[in-house]
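A.B. asks: Sharing a structure here in structure tokens format.
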Amino acid sequence: MPLRSSSTILLAVLLGASPASAADYAVEGRIAAPGDGGWDYATIDPGAERVCDTHGETLVEVDIAKGTASAPFAGIARGHAAVPVPGRHLLAVTSGHDDSVRLFDTATGTELAKVAVGSDPDAAFYAPGLARVVVINAKGGTVSMLDPVARTVTGTITLKPGLEAAANDGDTLLVNNEDLNELETANLRTGRVGPTVALTGCQGPTGLAFDPDTEQAISACANRKAAIVDVRHHRLVALLDIGAGPDTVLVDSGRRVALIPCGRDGTLTVIALGENPHVVGEVRTEAGARTGALDPATGKIYLPSADLAPPAAPGGRPQPKAGTFHVLVLAPR
């Protein structure tokens with residue numbers, strides 16, 4: 001599908017579907033959550049109206065309707081990503097320190113299986129066309145195709161070590177390589193490795209998202225940049241300024257924007273997508289809010305965070321204060 005023409009974008013603007021601006025978002029509140037320690041990817045489960053977020057050795061679930069949080073699953077060896085399996089009471093959680101994926105029954109709260117995958121499973125997502133959980137093994141440089149019902153790995157794709165966040169365009173897998181500063185691709189159905197895209201000017205790409213409407217992938221970089229890639233033509237089309245400390249990218253296709261939480265600065269960068277991607281502005285969030293999830297039904301953004309104490313040594317990282325973990329909620333206006 002070709003990128004939108006300028007006339008199409010102009011028509012959308014005239015009809016009132018212009019990209020969101022920084023002024024379109026405001027902090028609605030925060031939801032207190034249990035547990036201490038670090039956190040990683042957050043995932044929305046619209047069918048269950050919940051946000052799932054790995055939190056150290058536990059998994060936190062936020063009830064969107066009630067505005068409450070609980071920690072129903074524990075025993076995870078440094079959790080990274082939690083993936084709801086549609087149509088089933090199943091949740092797959094990558095367990096980075098023991099190279100496994102834990103499968104939980106969300107109806108009973110029990111662990112059903114511990115499936116061995118590659119080295120340091122990190123990011124993961126569900127591919128509905130294949131009915132597989134796609135697991136990105138960061139240090140191993142491989143991708144495990146996990147059948148969550150059969151509880152087994154059905155295939156492995158070999159890429160390069162240093163893998164980070166992933167997204168997909170149908171059967172096309174997109175993965176940031178944090179060490180090589182490139183976007184790697186592969187075919188999820190055949191396992192065949194595709195071309196790589198050099199993210200010139202982007203250092204340490206972590207967060208990644210794909211927008212099907214514009215056919216653009218957005219990588220968040222550690223050097224305060226966002227790299228915009230034309231996926232169809234495998235080329236970098238823009239390098240934009242963002243805040244410091246990003247770790248995820250969220251795409252709101254309805255508002256035609258990419259949203260990048262930057263935890264070091266405590267900001268959310270808003271990027272308008274299209275033929276001329278550009279930064280619209282920033283929303284003030286809070287330090288530590290570097291990952292998040294977007295509810296496509298409401299446009300609300302859920303950012304895990306905690307109150308931070310100064311680093312113990314110069315040059316170190318601020319540490320979360322005990323008992324302060326929460327989820328910051330931003331709403332479009």
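Just so we're on the same page: first chain in the structure tokens is A, next is B, and so on; residues restart at 1 for each chain, and ligands are numbered from 1 in the order they show up.
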Tell me, counting only C-alpha atoms, for each residue of stretch 43-148 of chain A within 12 Å of stretch 232-251 of chain A, which pair of atoms is nearest and how far apart they are in Å to one decimal, in rows ordered by chain and increasing number, as a Markdown table.

C.D. replies:
```
| residue | atom | partner | partner_atom | distance |
| --- | --- | --- | --- | --- |
| A:Thr43 | CA | A:Leu250 | CA | 10.6 |
| A:Ile44 | CA | A:Leu250 | CA | 11.2 |
| A:Ala81 | CA | A:Thr248 | CA | 11.9 |
| A:Ala123 | CA | A:Thr248 | CA | 10.6 |
```

A.B. asks: Using only C-alpha atoms, which residues sit within 12 Å of A:Leu180 once same-chain residues fewer than 2 positions away are excluded, as JSON, numbers by chain?

C.D. replies: {"A": [141, 159, 160, 161, 162, 163, 164, 175, 176, 177, 178, 182, 183, 184, 196, 197, 198, 199, 200, 201, 202, 203, 204, 205, 206]}

A.B. asks: So which bits of stretch 54-176 of chain A end up strand (DSSP E) when you DSSP the backbone, as a PyMOL selection string?

C.D. replies: chain A and resi 54-55+58-63+68-73+79-85+90-95+100-105+110-116+121-127+132-137+142-147+152-158+163-169+172-176

A.B. asks: Set the distance at 12 Å and use only C-alpha atoms: which residues neighbour A:Leu103 once local chain neighbours fewer than 6 positions away are removed? I'd like the list as a JSON list (two decimals) with all heavy atoms, in the first residue's frame.

C.D. replies:
```
[["chain", "number", "residue", "atom", "x", "y", "z"],
["A", 73, "PHE", "N", 0.65, -12.56, 39.68],
["A", 73, "PHE", "CA", 1.61, -13.58, 39.28],
["A", 73, "PHE", "C", 3.01, -13.21, 39.77],
["A", 73, "PHE", "O", 3.44, -12.06, 39.62],
["A", 73, "PHE", "CB", 1.63, -13.75, 37.76],
["A", 73, "PHE", "CG", 0.27, -13.95, 37.17],
["A", 73, "PHE", "CD1", -0.27, -13.03, 36.30],
["A", 73, "PHE", "CD2", -0.49, -15.06, 37.49],
["A", 73, "PHE", "CE1", -1.52, -13.20, 35.74],
["A", 73, "PHE", "CE2", -1.74, -15.25, 36.96],
["A", 73, "PHE", "CZ", -2.27, -14.32, 36.08],
["A", 74, "ALA", "N", 3.71, -14.18, 40.33],
["A", 74, "ALA", "CA", 5.05, -13.95, 40.86],
["A", 74, "ALA", "C", 5.97, -15.11, 40.45],
["A", 74, "ALA", "O", 5.55, -16.03, 39.76],
["A", 74, "ALA", "CB", 5.00, -13.82, 42.39],
["A", 75, "GLY", "N", 7.22, -15.03, 40.91],
["A", 75, "GLY", "CA", 8.18, -16.09, 40.61],
["A", 75, "GLY", "C", 8.83, -15.97, 39.25],
["A", 75, "GLY", "O", 9.49, -16.90, 38.78],
["A", 76, "ILE", "N", 8.67, -14.81, 38.58],
["A", 76, "ILE", "CA", 9.28, -14.60, 37.27],
["A", 76, "ILE", "C", 10.72, -14.14, 37.47],
["A", 76, "ILE", "O", 10.99, -13.28, 38.31],
["A", 76, "ILE", "CB", 8.48, -13.53, 36.48],
["A", 76, "ILE", "CG1", 7.01, -13.93, 36.40],
["A", 76, "ILE", "CG2", 9.06, -13.34, 35.09],
["A", 76, "ILE", "CD1", 6.09, -12.78, 36.04],
["A", 81, "ALA", "N", 8.36, -8.78, 29.17],
["A", 81, "ALA", "CA", 7.15, -8.48, 28.40],
["A", 81, "ALA", "C", 6.04, -9.45, 28.80],
["A", 81, "ALA", "O", 6.29, -10.64, 29.03],
["A", 81, "ALA", "CB", 7.42, -8.59, 26.91],
["A", 82, "ALA", "N", 4.82, -8.93, 28.87],
["A", 82, "ALA", "CA", 3.64, -9.76, 29.16],
["A", 82, "ALA", "C", 2.71, -9.68, 27.95],
["A", 82, "ALA", "O", 2.35, -8.60, 27.51],
["A", 82, "ALA", "CB", 2.92, -9.26, 30.41],
["A", 83, "VAL", "N", 2.34, -10.84, 27.42],
["A", 83, "VAL", "CA", 1.58, -10.90, 26.17],
["A", 83, "VAL", "C", 0.27, -11.64, 26.40],
["A", 83, "VAL", "O", 0.28, -12.87, 26.58],
["A", 83, "VAL", "CB", 2.39, -11.60, 25.07],
["A", 83, "VAL", "CG1", 1.59, -11.64, 23.76],
["A", 83, "VAL", "CG2", 3.73, -10.91, 24.86],
["A", 84, "PRO", "N", -0.88, -10.96, 26.38],
["A", 84, "PRO", "CA", -2.17, -11.65, 26.45],
["A", 84, "PRO", "C", -2.42, -12.41, 25.15],
["A", 84, "PRO", "O", -2.12, -11.93, 24.06],
["A", 84, "PRO", "CB", -3.18, -10.51, 26.62],
["A", 84, "PRO", "CG", -2.37, -9.31, 27.01],
["A", 84, "PRO", "CD", -1.03, -9.50, 26.40],
["A", 85, "VAL", "N", -2.97, -13.62, 25.28],
["A", 85, "VAL", "CA", -3.33, -14.42, 24.11],
["A", 85, "VAL", "C", -4.82, -14.23, 23.87],
["A", 85, "VAL", "O", -5.64, -14.62, 24.70],
["A", 85, "VAL", "CB", -3.00, -15.91, 24.34],
["A", 85, "VAL", "CG1", -3.43, -16.74, 23.13],
["A", 85, "VAL", "CG2", -1.50, -16.08, 24.59],
["A", 88, "ARG", "N", -8.36, -16.49, 24.86],
["A", 88, "ARG", "CA", -8.04, -17.52, 25.87],
["A", 88, "ARG", "C", -7.60, -16.85, 27.16],
["A", 88, "ARG", "O", -7.11, -15.73, 27.16],
["A", 88, "ARG", "CB", -6.93, -18.45, 25.36],
["A", 88, "ARG", "CG", -7.33, -19.25, 24.13],
["A", 88, "ARG", "CD", -6.20, -20.16, 23.67],
["A", 88, "ARG", "NE", -6.59, -20.96, 22.52],
["A", 88, "ARG", "CZ", -7.19, -22.14, 22.59],
["A", 88, "ARG", "NH1", -7.45, -22.67, 23.77],
["A", 88, "ARG", "NH2", -7.50, -22.80, 21.49],
["A", 89, "HIS", "N", -7.75, -17.56, 28.26],
["A", 89, "HIS", "CA", -7.29, -17.04, 29.54],
["A", 89, "HIS", "C", -5.80, -17.35, 29.70],
["A", 89, "HIS", "O", -5.38, -18.05, 30.62],
["A", 89, "HIS", "CB", -8.09, -17.65, 30.70],
["A", 89, "HIS", "CG", -9.54, -17.30, 30.67],
["A", 89, "HIS", "ND1", -10.00, -16.02, 30.88],
["A", 89, "HIS", "CD2", -10.64, -18.05, 30.43],
["A", 89, "HIS", "CE1", -11.31, -15.99, 30.80],
["A", 89, "HIS", "NE2", -11.74, -17.22, 30.51],
["A", 90, "LEU", "N", -5.01, -16.82, 28.78],
["A", 90, "LEU", "CA", -3.59, -17.12, 28.77],
["A", 90, "LEU", "C", -2.78, -15.83, 28.73],
["A", 90, "LEU", "O", -3.13, -14.88, 28.02],
["A", 90, "LEU", "CB", -3.22, -17.96, 27.54],
["A", 90, "LEU", "CG", -3.37, -19.48, 27.62],
["A", 90, "LEU", "CD1", -3.01, -20.10, 26.28],
["A", 90, "LEU", "CD2", -2.50, -20.05, 28.73],
["A", 91, "LEU", "N", -1.69, -15.83, 29.47],
["A", 91, "LEU", "CA", -0.76, -14.72, 29.47],
["A", 91, "LEU", "C", 0.65, -15.29, 29.38],
["A", 91, "LEU", "O", 1.04, -16.14, 30.18],
["A", 91, "LEU", "CB", -0.91, -13.89, 30.75],
["A", 91, "LEU", "CG", -0.18, -12.56, 30.80],
["A", 91, "LEU", "CD1", -0.80, -11.56, 29.83],
["A", 91, "LEU", "CD2", -0.21, -11.99, 32.22],
["A", 92, "ALA", "N", 1.41, -14.85, 28.38],
["A", 92, "ALA", "CA", 2.79, -15.28, 28.21],
["A", 92, "ALA", "C", 3.72, -14.19, 28.70],
["A", 92, "ALA", "O", 3.58, -13.02, 28.30],
["A", 92, "ALA", "CB", 3.07, -15.61, 26.74],
["A", 93, "VAL", "N", 4.68, -14.54, 29.56],
["A", 93, "VAL", "CA", 5.59, -13.55, 30.16],
["A", 93, "VAL", "C", 7.02, -13.99, 29.92],
["A", 93, "VAL", "O", 7.41, -15.11, 30.29],
["A", 93, "VAL", "CB", 5.33, -13.40, 31.67],
["A", 93, "VAL", "CG1", 6.25, -12.32, 32.25],
["A", 93, "VAL", "CG2", 3.88, -13.05, 31.94],
["A", 94, "THR", "N", 7.82, -13.12, 29.30],
["A", 94, "THR", "CA", 9.23, -13.45, 29.10],
["A", 94, "THR", "C", 9.98, -13.33, 30.42],
["A", 94, "THR", "O", 9.84, -12.35, 31.14],
["A", 94, "THR", "CB", 9.88, -12.55, 28.04],
["A", 94, "THR", "OG1", 9.69, -11.17, 28.40],
["A", 94, "THR", "CG2", 9.27, -12.79, 26.67],
["A", 95, "SER", "N", 10.77, -14.34, 30.72],
["A", 95, "SER", "CA", 11.50, -14.45, 31.98],
["A", 95, "SER", "C", 12.99, -14.45, 31.65],
["A", 95, "SER", "O", 13.59, -15.49, 31.34],
["A", 95, "SER", "CB", 11.08, -15.74, 32.71],
["A", 95, "SER", "OG", 11.62, -15.83, 34.00],
["A", 109, "GLY", "N", -5.12, -17.88, 38.02],
["A", 109, "GLY", "CA", -3.92, -17.32, 38.63],
["A", 109, "GLY", "C", -2.79, -18.31, 38.77],
["A", 109, "GLY", "O", -1.84, -18.06, 39.53],
["A", 110, "THR", "N", -2.84, -19.41, 38.04],
["A", 110, "THR", "CA", -1.81, -20.45, 38.17],
["A", 110, "THR", "C", -0.85, -20.41, 36.99],
["A", 110, "THR", "O", -1.21, -20.01, 35.87],
["A", 110, "THR", "CB", -2.44, -21.84, 38.25],
["A", 110, "THR", "OG1", -3.23, -22.07, 37.07],
["A", 110, "THR", "CG2", -3.32, -21.97, 39.47],
["A", 111, "GLU", "N", 0.38, -20.85, 37.25],
["A", 111, "GLU", "CA", 1.37, -21.01, 36.19],
["A", 111, "GLU", "C", 1.17, -22.36, 35.53],
["A", 111, "GLU", "O", 1.23, -23.40, 36.19],
["A", 111, "GLU", "CB", 2.79, -20.87, 36.72],
["A", 111, "GLU", "CG", 3.86, -20.94, 35.64],
["A", 111, "GLU", "CD", 5.26, -20.72, 36.16],
["A", 111, "GLU", "OE1", 5.43, -19.86, 37.06],
["A", 111, "GLU", "OE2", 6.19, -21.40, 35.68],
["A", 112, "LEU", "N", 0.97, -22.35, 34.22],
["A", 112, "LEU", "CA", 0.69, -23.58, 33.49],
["A", 112, "LEU", "C", 1.94, -24.25, 32.95],
["A", 112, "LEU", "O", 2.01, -25.48, 32.87],
["A", 112, "LEU", "CB", -0.26, -23.29, 32.32],
["A", 112, "LEU", "CG", -1.62, -22.68, 32.68],
["A", 112, "LEU", "CD1", -2.37, -22.32, 31.40],
["A", 112, "LEU", "CD2", -2.42, -23.67, 33.52],
["A", 113, "ALA", "N", 2.91, -23.45, 32.55],
["A", 113, "ALA", "CA", 4.10, -24.03, 31.92],
["A", 113, "ALA", "C", 5.24, -23.03, 31.95],
["A", 113, "ALA", "O", 5.04, -21.82, 32.07],
["A", 113, "ALA", "CB", 3.80, -24.43, 30.48],
["A", 114, "LYS", "N", 6.44, -23.57, 31.84],
["A", 114, "LYS", "CA", 7.66, -22.79, 31.71],
["A", 114, "LYS", "C", 8.38, -23.34, 30.47],
["A", 114, "LYS", "O", 8.92, -24.44, 30.50],
["A", 114, "LYS", "CB", 8.51, -22.94, 32.97],
["A", 114, "LYS", "CG", 9.85, -22.22, 32.92],
["A", 114, "LYS", "CD", 10.62, -22.50, 34.22],
["A", 114, "LYS", "CE", 12.03, -21.95, 34.16],
["A", 114, "LYS", "NZ", 12.78, -22.28, 35.41],
["A", 115, "VAL", "N", 8.34, -22.56, 29.39],
["A", 115, "VAL", "CA", 8.84, -23.04, 28.10],
["A", 115, "VAL", "C", 10.21, -22.43, 27.82],
["A", 115, "VAL", "O", 10.38, -21.21, 27.85],
["A", 115, "VAL", "CB", 7.87, -22.66, 26.97],
["A", 115, "VAL", "CG1", 8.37, -23.22, 25.63],
["A", 115, "VAL", "CG2", 6.46, -23.16, 27.27],
["A", 116, "ALA", "N", 11.19, -23.28, 27.56],
["A", 116, "ALA", "CA", 12.55, -22.82, 27.26],
["A", 116, "ALA", "C", 12.58, -22.15, 25.89],
["A", 116, "ALA", "O", 12.04, -22.68, 24.91],
["A", 116, "ALA", "CB", 13.52, -23.98, 27.31],
["A", 133, "VAL", "N", 3.13, -16.57, 19.84],
["A", 133, "VAL", "CA", 3.80, -15.52, 20.59],
["A", 133, "VAL", "C", 5.22, -15.43, 20.03],
["A", 133, "VAL", "O", 5.95, -16.42, 20.02],
["A", 133, "VAL", "CB", 3.82, -15.82, 22.09],
["A", 133, "VAL", "CG1", 4.63, -14.74, 22.83],
["A", 133, "VAL", "CG2", 2.41, -15.89, 22.65],
["A", 146, "LEU", "N", 6.49, -19.25, 19.52],
["A", 146, "LEU", "CA", 5.92, -20.06, 20.59],
["A", 146, "LEU", "C", 4.43, -20.29, 20.37],
["A", 146, "LEU", "O", 3.67, -19.33, 20.22],
["A", 146, "LEU", "CB", 6.15, -19.37, 21.94],
["A", 146, "LEU", "CG", 5.46, -19.96, 23.17],
["A", 146, "LEU", "CD1", 5.98, -21.36, 23.47],
["A", 146, "LEU", "CD2", 5.65, -19.05, 24.37],
["A", 147, "ASP", "N", 4.02, -21.55, 20.34],
["A", 147, "ASP", "CA", 2.61, -21.91, 20.32],
["A", 147, "ASP", "C", 2.13, -21.93, 21.77],
["A", 147, "ASP", "O", 2.48, -22.84, 22.53],
["A", 147, "ASP", "CB", 2.42, -23.27, 19.68],
["A", 147, "ASP", "CG", 0.96, -23.68, 19.56],
["A", 147, "ASP", "OD1", 0.13, -23.16, 20.33],
["A", 147, "ASP", "OD2", 0.65, -24.52, 18.70],
["A", 148, "PRO", "N", 1.34, -20.93, 22.22],
["A", 148, "PRO", "CA", 0.98, -20.85, 23.63],
["A", 148, "PRO", "C", -0.03, -21.91, 24.06],
["A", 148, "PRO", "O", -0.14, -22.20, 25.24],
["A", 148, "PRO", "CB", 0.38, -19.45, 23.76],
["A", 148, "PRO", "CG", -0.15, -19.14, 22.41],
["A", 148, "PRO", "CD", 0.77, -19.82, 21.43],
["A", 149, "VAL", "N", -0.76, -22.48, 23.11],
["A", 149, "VAL", "CA", -1.73, -23.52, 23.44],
["A", 149, "VAL", "C", -1.03, -24.87, 23.59],
["A", 149, "VAL", "O", -1.24, -25.60, 24.56],
["A", 149, "VAL", "CB", -2.83, -23.59, 22.38],
["A", 149, "VAL", "CG1", -3.82, -24.70, 22.70],
["A", 149, "VAL", "CG2", -3.57, -22.25, 22.28],
["A", 150, "ALA", "N", -0.17, -25.19, 22.62],
["A", 150, "ALA", "CA", 0.59, -26.45, 22.70],
["A", 150, "ALA", "C", 1.76, -26.34, 23.68],
["A", 150, "ALA", "O", 2.36, -27.36, 24.04],
["A", 150, "ALA", "CB", 1.10, -26.84, 21.33],
["A", 151, "ARG", "N", 2.10, -25.11, 24.07],
["A", 151, "ARG", "CA", 3.17, -24.85, 25.04],
["A", 151, "ARG", "C", 4.52, -25.34, 24.53],
["A", 151, "ARG", "O", 5.29, -26.01, 25.24],
["A", 151, "ARG", "CB", 2.86, -25.48, 26.40],
["A", 151, "ARG", "CG", 1.50, -25.08, 26.96],
["A", 151, "ARG", "CD", 1.19, -25.82, 28.25],
["A", 151, "ARG", "NE", -0.20, -25.63, 28.64],
["A", 151, "ARG", "CZ", -0.78, -26.23, 29.68],
["A", 151, "ARG", "NH1", -0.07, -27.07, 30.44],
["A", 151, "ARG", "NH2", -2.05, -26.01, 29.96],
["A", 152, "THR", "N", 4.81, -25.00, 23.28],
["A", 152, "THR", "CA", 6.06, -25.45, 22.68],
["A", 152, "THR", "C", 6.55, -24.43, 21.65],
["A", 152, "THR", "O", 5.75, -23.68, 21.07],
["A", 152, "THR", "CB", 5.88, -26.82, 22.00],
["A", 152, "THR", "OG1", 7.14, -27.29, 21.52],
["A", 152, "THR", "CG2", 4.93, -26.73, 20.82]]
```

A.B. asks: Could you build a table of the residues in stretch 227-252 of chain A lying no more than 6 Å from stretch 211-221 of chain A, giving for each the nearest pair of atoms and their separation in Å rounded to one decimal place, using only C-alpha atoms, ordered by chain and ascending residue number, as a tab-separated table?

C.D. replies:
```
residue	atom	partner	partner_atom	distance
A:Ala227	CA	A:Ser219	CA	5.1
A:Ile228	CA	A:Ile218	CA	4.8
A:Val229	CA	A:Ala217	CA	5.1
A:Asp230	CA	A:Gln216	CA	5.0
A:Val231	CA	A:Gln216	CA	5.7
```

A.B. asks: Need to verify the contact set: A:Gly35, 12 Å, only C-alpha atoms, exclusion of same-chain residues closer than 5 positions in sequence. Can you return it as a CSV table (one decimal) with N, CA and C atoms, in the first residue's frame?

C.D. replies:
```
chain,number,residue,atom,x,y,z
A,53,ASP,N,2.0,-5.2,33.2
A,53,ASP,CA,3.4,-4.7,33.2
A,53,ASP,C,4.2,-5.6,34.1
A,54,THR,N,5.4,-6.0,33.5
A,54,THR,CA,6.3,-6.8,34.3
A,54,THR,C,7.0,-5.8,35.3
A,55,HIS,N,7.2,-6.4,36.5
A,55,HIS,CA,7.7,-5.5,37.6
A,55,HIS,C,8.6,-6.4,38.5
A,56,GLY,N,9.9,-6.5,38.1
A,56,GLY,CA,10.9,-7.3,38.8
A,56,GLY,C,10.5,-8.8,38.7
A,57,GLU,N,10.2,-9.4,39.8
A,57,GLU,CA,9.8,-10.8,39.8
A,57,GLU,C,8.3,-11.1,39.7
A,58,THR,N,7.6,-10.0,39.5
A,58,THR,CA,6.1,-10.1,39.5
A,58,THR,C,5.5,-9.5,38.3
A,59,LEU,N,4.2,-9.7,38.1
A,59,LEU,CA,3.5,-9.1,37.0
A,59,LEU,C,2.4,-8.3,37.7
A,60,VAL,N,2.3,-7.0,37.3
A,60,VAL,CA,1.2,-6.1,37.8
A,60,VAL,C,0.1,-6.0,36.7
A,61,GLU,N,-1.1,-6.1,37.2
A,61,GLU,CA,-2.3,-5.9,36.3
A,61,GLU,C,-3.0,-4.7,36.8
A,69,ALA,N,-4.9,-1.7,40.9
A,69,ALA,CA,-3.8,-2.6,40.4
A,69,ALA,C,-3.6,-3.7,41.4
A,70,SER,N,-3.1,-4.8,40.9
A,70,SER,CA,-2.8,-6.0,41.7
A,70,SER,C,-1.6,-6.7,41.1
A,71,ALA,N,-1.0,-7.6,41.9
A,71,ALA,CA,0.1,-8.4,41.4
A,71,ALA,C,-0.2,-9.9,41.5
A,72,PRO,N,-1.0,-10.4,40.5
A,72,PRO,CA,-1.4,-11.8,40.7
A,72,PRO,C,-0.4,-12.9,40.4
A,73,PHE,N,0.7,-12.6,39.7
A,73,PHE,CA,1.6,-13.6,39.3
A,73,PHE,C,3.0,-13.2,39.8
A,74,ALA,N,3.7,-14.2,40.3
A,74,ALA,CA,5.1,-14.0,40.9
A,74,ALA,C,6.0,-15.1,40.5
A,305,SER,N,5.8,3.8,36.4
A,305,SER,CA,6.9,4.7,36.9
A,305,SER,C,6.9,4.5,38.5
A,306,ALA,N,7.8,5.2,39.1
A,306,ALA,CA,8.0,5.3,40.5
A,306,ALA,C,8.7,6.6,40.9
A,320,PRO,N,14.3,3.5,42.2
A,320,PRO,CA,12.9,3.7,42.6
A,320,PRO,C,12.8,3.6,44.1
A,321,LYS,N,12.0,4.5,44.7
A,321,LYS,CA,11.8,4.4,46.2
A,321,LYS,C,10.8,3.3,46.5
A,322,ALA,N,11.0,2.6,47.6
A,322,ALA,CA,10.1,1.6,48.0
A,322,ALA,C,8.7,2.1,48.2
A,323,GLY,N,7.7,1.3,47.7
A,323,GLY,CA,6.3,1.6,48.0
A,323,GLY,C,5.7,2.7,47.1
A,324,THR,N,6.5,3.1,46.1
A,324,THR,CA,6.0,4.3,45.2
A,324,THR,C,5.6,3.9,43.8
A,325,PHE,N,5.7,2.6,43.5
A,325,PHE,CA,5.4,2.2,42.1
A,325,PHE,C,4.0,2.5,41.7
A,326,HIS,N,3.8,3.0,40.5
A,326,HIS,CA,2.4,3.4,40.1
A,326,HIS,C,2.4,3.5,38.6
```

A.B. asks: For A:Asn168, please output as a list in words all residues within 7 Å (counting only C-alpha atoms; exclusion window: fewer than 5 positions along the same chain).

C.D. replies: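 Selected residues are Leu173, Leu174 and Phe210 of chain A.
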
A.B. asks: Could you pull the residues within 6 Å of A:Leu273, counting only C-alpha atoms, minus those fewer than 2 positions along the same chain, as a list in words?

C.D. replies: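 Near A:Leu273, the qualifying residues are Arg256, Val257 and Pro277 of chain A.
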
A.B. asks: Limited to N, CA, C and O atoms, could you put the picked residues into a file as a short mmCIF file (atom, residue, chain, number, x, y, z; two decimals), in the first residue's frame?

C.D. replies:
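Saved the output as out.cif:
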```
data_model
loop_
_atom_site.label_atom_id
_atom_site.label_comp_id
_atom_site.auth_asym_id
_atom_site.auth_seq_id
_atom_site.Cartn_x
_atom_site.Cartn_y
_atom_site.Cartn_z
N ARG A 256 -2.99 9.58 14.18
CA ARG A 256 -1.85 9.66 13.28
C ARG A 256 -0.61 10.20 13.98
O ARG A 256 0.10 11.07 13.45
N VAL A 257 -0.33 9.68 15.18
CA VAL A 257 0.83 10.13 15.92
C VAL A 257 1.59 8.94 16.51
O VAL A 257 1.02 7.88 16.77
N PRO A 277 7.03 13.39 8.47
CA PRO A 277 6.95 13.19 9.92
C PRO A 277 7.71 14.28 10.65
O PRO A 277 8.81 14.68 10.25
#
```

A.B. asks: Need the shell around A:Val62: protein/DNA/RNA residues with any atom at most 6 Å away, counting only C-alpha atoms. Skip same-chain ones fewer than 6 positions apart. Format as a list in words?

C.D. replies: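 Everything that qualifies: Arg50, Val51, Thr68 and Ala69 of chain A.
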
A.B. asks: How far is it from atom CA of A:Thr106 to atom CA of A:Lys66, in Å with one decimal?

C.D. replies: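 Result for atom CA of A:Thr106 versus atom CA of A:Lys66: 17.8 Å, one decimal.
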